[in-house]
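Okay, structure first, notes after.
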Amino acid sequence: MKKFKFPTAHTVLLIIAAFVAFLTFVIPSGKFDRLAYDRDKNEFVYEGQQESKSYPGTQATLDQLGINIPVDKFTNGDIWKPVGVPGTYHELKSNPQGLGAFIRSPLRGIMEAIDVILFVLIIGGFIGVVNYSGAFDAGVSWLSHKLKGRESLLIIIITTLIALGGTTFGLAEETIAFYPILMPVFLAAGYDAMVALGAIYVGSSIGTMCSTVNPFSAIIASDSAGLTWTTGLQGRIIMLIIGVIICLWYIIRYAERVRKDPSKSIIYSQKEQIEKMFLHVKPGDRIPAFTWQIRAILFVFLMSFVVMIYGVSKLEWWFLEMTTIFFVSAILVGLLAWMKETVFVDQFVKGANDLLSVALIIGLARGITVLMDDGLISDTLLYYMSNSVEGMPKGIFINALLFLYGGLSFFIPSSSGMAVLTMPIMAPLGDVVHIGREYVVNAYQYGMGLMAFITPTGLILASLTMVKVGYDKWLKWIMPLLALLTIITMIVLTISVML
């Protein structure tokens with residue numbers, strides 16, 4: 001056992017992909033019929049088992065098909081993906097994914113996730129150029145000097161801001177860009193990489209778990225359930241406050257223990273390796289002068305994220321626009337630092353290369369989804385799971401739904417994809433057991449959110465690779481917090497449906 005070394009994130013994902021490929025031989029293939037809206041023709045397109053049909057783009061069509069969603073949610077673009085039609089599940093001819101499909105799945109995953117992968121690589125190039133300019137060293141030294149004796153404020157500020165981003169516009173994949181920036185800050189403050197990981201990843205996860213106005217989960221799920229997104233908002237805000245407070249307490253408690261005695265760190269054996277990699281300016285070193293160049297570069301650096309956040313939340317930007325922002329910013333930094341063209345290209349490529357491993361992980365995770373879709377088992381899992389909770393008492397039903405969504409999120413990590421696929425089927429079950437559909441939406445968010453802390457098919461393996469921390473060490477650190485959050489969530493959900 002002492003010689004056992006936990007496999008890399010890439011190997012873990014390949015093992016999961018192999019398991020999913022095996023499941024396609026065991027689980028029957030099946031599918032719900034789908035309904036999509038064609039804005040150009042103002043009509044619904046029904047994709048059935050045998051044929052496709054067109055229906056008028058009216059509320060009467062939705063009522064006829066048993067889809068309890070206001071038609072304006074389709075016409076105004078709130079719902080842009082096909083939704084499952086309740087009561088239409090049918091078994092299909094088995095389509096098992098063999099060795100060839102398994103081998104191709106990582107490559108197909110990379111192809112399907114190319115927008116996210118390109119974003120990560122350009123971010124890496126941008127970080128490499130800024131790092132070479134010396135701006136990071138100056139900024140980290142200044143911040144660690146200012147926070148001397150008040151290091152816990154760093155955790156509170158970073159975690160809270162990222163949680164707010166998660167709850168409002170689904171800040172998740174974008175946090176990949178924060179690790180190379182904030183890791184030196186946390187290390188300079190006397191913490192370890194786990195604290196930085198906790199502040200960024202836990203902050204993002206608790207924010208998206210308790211989404212309030214996040215269009216990619218709370219709003220689209222409410223729309224798909226036939227609700228206005230403000231229904232149940234108060235409860236989600238309360239859950240967000242409770243969750244953030246618990247996470248802050250947990251992170252700060254661990255962080256202060258490590259700051260006072262570094263040997264208490266779960267990753268103490270990696271201390272020198274990680275500090276050598278991220279911490280170029282050690283505590284106590286002379287603080288580099290804040291020249292006009294350094295100030296200008298840091299301004300461009302910070303504004304890149306401000307513009308990205310504004311664009312995503314207000315201008316409906318997505319990965320192409322976000323990637324463009326960092327590509328242009330890298331060029332501006334190179335000009336401000338008076339870099340030679342050859343030096344700029346070299347540093348940009350080196351920075352992108354540093355995140356190549358992360359990019360591959362994202363592609364491997366997407367490949368698992370490809371296997372499930374091609375094997376036609378996603379809808380089968382949903383069908384049998386939905387049947388298993390039908391007719392339960394309120395308290396048992398809502399908690400069973402919580403764990404059901406947690407299990408489904410392992411196979412369907414996309415919050416928007418989960419919402420449009422499951423809500424038309426799951427939301428009516430709330431009517432059967434006499435609870436509001438907003439609680440079904442909450443169970444969906446909380447179940448996916450709790451699983452996001454550990455599911456390998458999500459962002460955690462990519463995040464761990466960024467900070468050079470093993471998945472086994474992460475599980476050891478996060479499981480007590482996850483257990484506490486799960487218990488609190490179950491209590492909140494039970495009380496809310498029983499009142």
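Residues are referred to by chain and number: the chain letter is A, B, ... according to the order shown in the structure tokens, the number counts from 1 in that chain, and ligands are numbered separately from 1 in the order shown.
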
Any idea what's packed within 12 Å of Ile16 (chain A), counting only C-alpha atoms, ignoring anything in its chain fewer than 4 positions away? Could you give it as a count of residues only?
24

For Glu51 (chain A), the nearest of the candidates A:Val328, A:Val71, A:Asp33, A:Ile110, counting only C-alpha atoms
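Between A:Val328, A:Val71, A:Asp33, A:Ile110, the residue approaching Glu51 (chain A) most closely is A:Asp33.
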
Work out how far apart CA of Phe119 (chain A) and CA of Thr324 (chain A) are and give it in Å to one decimal.
8.6 Å

Which of region 258-463 of chain A end up as helix (DSSP H, G or I) when DSSP is run on this backbone - answer as a ChimeraX atom specification?
/A:258-260,262-264,268-278,292-314,319-336,341-354,356-375,378-389,394-411,415-432,437-452,460-463

Closest to Pro428 (chain A) among A:Leu227, A:Ala218, A:Ile331, A:Ile245, using only C-alpha atoms?
A:Leu227

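Shortest separation to Tyr132 (chain A) among A:Asp346, A:Glu438, A:Asp373, A:Asp354 occurs at residue A:Asp346, atoms counted being only C-alpha atoms.
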
From A:Ser217, A:Asn95, A:Asn42, A:Ser54, residue lying nearest Gly449 (chain A) [only C-alpha atoms]
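Closest to Gly449 (chain A) of all the choices is A:Ser217.
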
What does the distance from CA of Gly235 (chain A) to CA of Val441 (chain A) come to in Å, to one decimal?
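These two atoms are separated by 11.3 Å.
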
Using only C-alpha atoms, pick whichever of A:Pro56, A:Gly391, A:Gly190, A:Gly124 has the shortest atom-to-atom distance to Leu429 (chain A).
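Nearest to Leu429 (chain A): A:Gly391.
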
Quick one: contact table of region 311-425 of chain A to region 458-466 of chain A, 9 Å max, nearest atom pair and distance in Å to one decimal per residue, counting only C-alpha atoms, chain and number order, as JSON lines?
{"residue": "A:Asp354", "atom": "CA", "partner": "A:Met466", "partner_atom": "CA", "distance": 8.8}
{"residue": "A:Leu355", "atom": "CA", "partner": "A:Met466", "partner_atom": "CA", "distance": 7.4}
{"residue": "A:Ser357", "atom": "CA", "partner": "A:Thr465", "partner_atom": "CA", "distance": 7.5}
{"residue": "A:Val358", "atom": "CA", "partner": "A:Ala462", "partner_atom": "CA", "distance": 5.1}
{"residue": "A:Ala359", "atom": "CA", "partner": "A:Ala462", "partner_atom": "CA", "distance": 7.8}
{"residue": "A:Leu360", "atom": "CA", "partner": "A:Ala462", "partner_atom": "CA", "distance": 8.8}
{"residue": "A:Ile361", "atom": "CA", "partner": "A:Ala462", "partner_atom": "CA", "distance": 6.0}
{"residue": "A:Ile362", "atom": "CA", "partner": "A:Ala462", "partner_atom": "CA", "distance": 6.8}
{"residue": "A:Ala365", "atom": "CA", "partner": "A:Gly458", "partner_atom": "CA", "distance": 7.1}
{"residue": "A:Ser409", "atom": "CA", "partner": "A:Gly458", "partner_atom": "CA", "distance": 8.7}
{"residue": "A:Phe410", "atom": "CA", "partner": "A:Gly458", "partner_atom": "CA", "distance": 7.8}
{"residue": "A:Pro413", "atom": "CA", "partner": "A:Gly458", "partner_atom": "CA", "distance": 5.9}
{"residue": "A:Ser414", "atom": "CA", "partner": "A:Gly458", "partner_atom": "CA", "distance": 8.5}

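For the pair CA of Phe278 (chain A) and CA of Pro184 (chain A), the interatomic distance is 5.5 Å.
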
For region 337-339 of chain A, find every residue with an atom within 10 Å (counting only C-alpha atoms), except residues of its own chain fewer than 6 positions away, and show them as JSON, numbers by chain.
{"A": [129, 130, 132, 133, 134, 135, 293, 294, 296, 297, 331, 345, 347]}

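The smallest atom-to-atom distance between Ile251 (chain A) and any of A:Tyr439, A:Phe299, A:Tyr444, A:Tyr201, using only C-alpha atoms, is found for A:Tyr201.
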